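Report on the structure given below.
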Amino acid sequence: MAVCPKGHESETTDYCDECGAAMDPPASPPSPAVDSPRRPAACPECGTPLTGRFCEVDGYDTLAVPSTAPPREEAAPREETAPREEAAPAEVREAEAPEPAGWHVVVSADRAHFDRVQAWNGADPTIAYPRFCPDRRFPLTGDQVLIGRRSRSRGSYPDIDLAGPPEDVAVSHLHALLVSQPGGTWAVVDLRSANCTFVNGADDPIQPEQPVPLADGDHIHVGSFTRITLHATPLP
């Protein structure tokens, strides 16, 4: 017969028949002892001595249960083939073919301009017309092309460098600027040069900082004898 916590005998096993107190639950059997996993002294991955659960080098967890599942094989990447482009009809290809683009300039000496400058300003013994001045060619690329004379002390390195030989000392270090225009043409801008900029042999110079449109075959005069002729073709 069961006995309640107060010592009364009871035929029922949940509550005492005499005092109504709850009977003590039956003692549960002790759980079997489980051995804790033994931590290795060194990391199995890199061999570094362990001072705690995780490896300080590669972060290996010494208490992690190793996986027994076989490694999963990754599928080889599929090679994607580009869609085949159908050839356009011959008449369409001819219409879409771009025309050769690009401009260039030819720099030469102009005796007529030299004589005109001498007449305007008077003879200058320090400036002489060059005996030999081969043509020089420069491509026009980008949005702007600077005309002038290089000067390391001033930090000016123009795209069309007229420092020579022969050098036209009447050209300012930052003399003028060629600026690309919509439609592939060009314009010239005088940068407030000392001796001005002339277009197509005009008697009056162009206004400073005002773009002047140019066409194929137009020429610009700067300095005492320099002539710059524009050509609407790539540099040969």
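Order determines the names: the first chain of the structure tokens is A, the second B, and so forth; residues in each chain are numbered 1 upward, and ligands are numbered 1 upward as they are shown.
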Considering only C-alpha atoms, return as a list in words whatever protein or nucleic-acid residues lie within 12 Å of segment 114-130 of chain A, sequence-local ones (same chain, fewer than 6 positions apart) excluded.
Ser108, Gly164, Pro165, Pro166, Glu167, Asp168, Val169, Ala170, Val171, Asn195, Cys196, Thr197, Phe198, Gly201, Ala202, Asp203, Asp204, Pro205, His221, Val222, Gly223, Ser224, Phe225, Thr226 and Arg227 of chain A
List the neighbours of Gly102 of chain A out to 10 Å using only C-alpha atoms; skip same-chain residues closer than 5 positions along the sequence, and give me the result as a short mmCIF file (atom, residue, chain, number, x, y, z; two decimals) with N, CA, C and O atoms, in the first residue's frame.
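Resulting contents of out.cif:
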```cif
data_model
loop_
_atom_site.label_atom_id
_atom_site.label_comp_id
_atom_site.auth_asym_id
_atom_site.auth_seq_id
_atom_site.Cartn_x
_atom_site.Cartn_y
_atom_site.Cartn_z
N PRO A 139 47.03 65.15 -85.96
CA PRO A 139 45.64 64.67 -85.98
C PRO A 139 44.77 65.49 -85.04
O PRO A 139 45.25 66.01 -84.02
N LEU A 140 43.52 65.63 -85.38
CA LEU A 140 42.54 66.28 -84.50
C LEU A 140 41.72 65.18 -83.83
O LEU A 140 40.90 64.53 -84.47
N THR A 141 41.96 64.98 -82.56
CA THR A 141 41.26 63.94 -81.80
C THR A 141 40.71 64.53 -80.52
O THR A 141 41.20 65.55 -80.02
N GLY A 184 30.71 66.64 -86.48
CA GLY A 184 32.07 66.26 -86.83
C GLY A 184 32.94 67.39 -87.33
O GLY A 184 34.07 67.14 -87.77
N THR A 185 32.47 68.65 -87.29
CA THR A 185 33.29 69.77 -87.74
C THR A 185 34.06 70.36 -86.56
O THR A 185 33.98 69.86 -85.43
N HIS A 231 42.00 69.75 -92.77
CA HIS A 231 41.61 68.77 -93.78
C HIS A 231 40.64 67.78 -93.13
O HIS A 231 40.95 67.22 -92.05
N ALA A 232 39.50 67.56 -93.78
CA ALA A 232 38.46 66.68 -93.24
C ALA A 232 38.74 65.24 -93.62
O ALA A 232 37.85 64.50 -94.08
N THR A 233 39.95 64.81 -93.42
CA THR A 233 40.35 63.42 -93.68
C THR A 233 41.26 62.96 -92.56
O THR A 233 41.93 63.79 -91.91
N PRO A 234 41.33 61.65 -92.30
CA PRO A 234 42.26 61.17 -91.27
C PRO A 234 43.69 61.46 -91.66
O PRO A 234 44.03 61.66 -92.83
N LEU A 235 44.54 61.46 -90.65
CA LEU A 235 45.96 61.67 -90.90
C LEU A 235 46.50 60.53 -91.73
O LEU A 235 46.36 59.37 -91.37
#
```
Near-Val106 of chain A list (8 Å; only C-alpha atoms; drop same-chain fewer than 5 positions) as a PyMOL selection string
chain A and resi 135-138+228-231
Taking only residues of segment 87-195 of chain A that have an atom at most 12 Å from an atom of segment 206-211 of chain A, what is each one's shortest atom pair and its distance in Å to one decimal, using only C-alpha atoms, in chain and number order, as a tab-separated table?
```
residue	atom	partner	partner_atom	distance
A:His175	CA	A:Pro208	CA	10.2
A:Ala176	CA	A:Glu209	CA	8.9
A:Leu177	CA	A:Pro211	CA	9.0
A:Leu178	CA	A:Pro211	CA	8.7
A:Val179	CA	A:Pro211	CA	8.0
A:Ser180	CA	A:Pro211	CA	10.3
A:Gln181	CA	A:Pro211	CA	10.0
A:Trp186	CA	A:Pro211	CA	9.3
A:Ala187	CA	A:Pro211	CA	5.7
A:Val188	CA	A:Pro211	CA	5.4
A:Val189	CA	A:Pro211	CA	4.7
A:Asp190	CA	A:Pro208	CA	4.8
A:Leu191	CA	A:Glu209	CA	5.8
A:Arg192	CA	A:Pro208	CA	5.2
A:Ser193	CA	A:Pro208	CA	8.0
A:Ala194	CA	A:Pro208	CA	10.7
A:Asn195	CA	A:Ile206	CA	11.2
```
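Computed from the coordinates, the atom CA of Ser153 of chain A to atom CA of Arg131 of chain A distance equals 28.9 Å.
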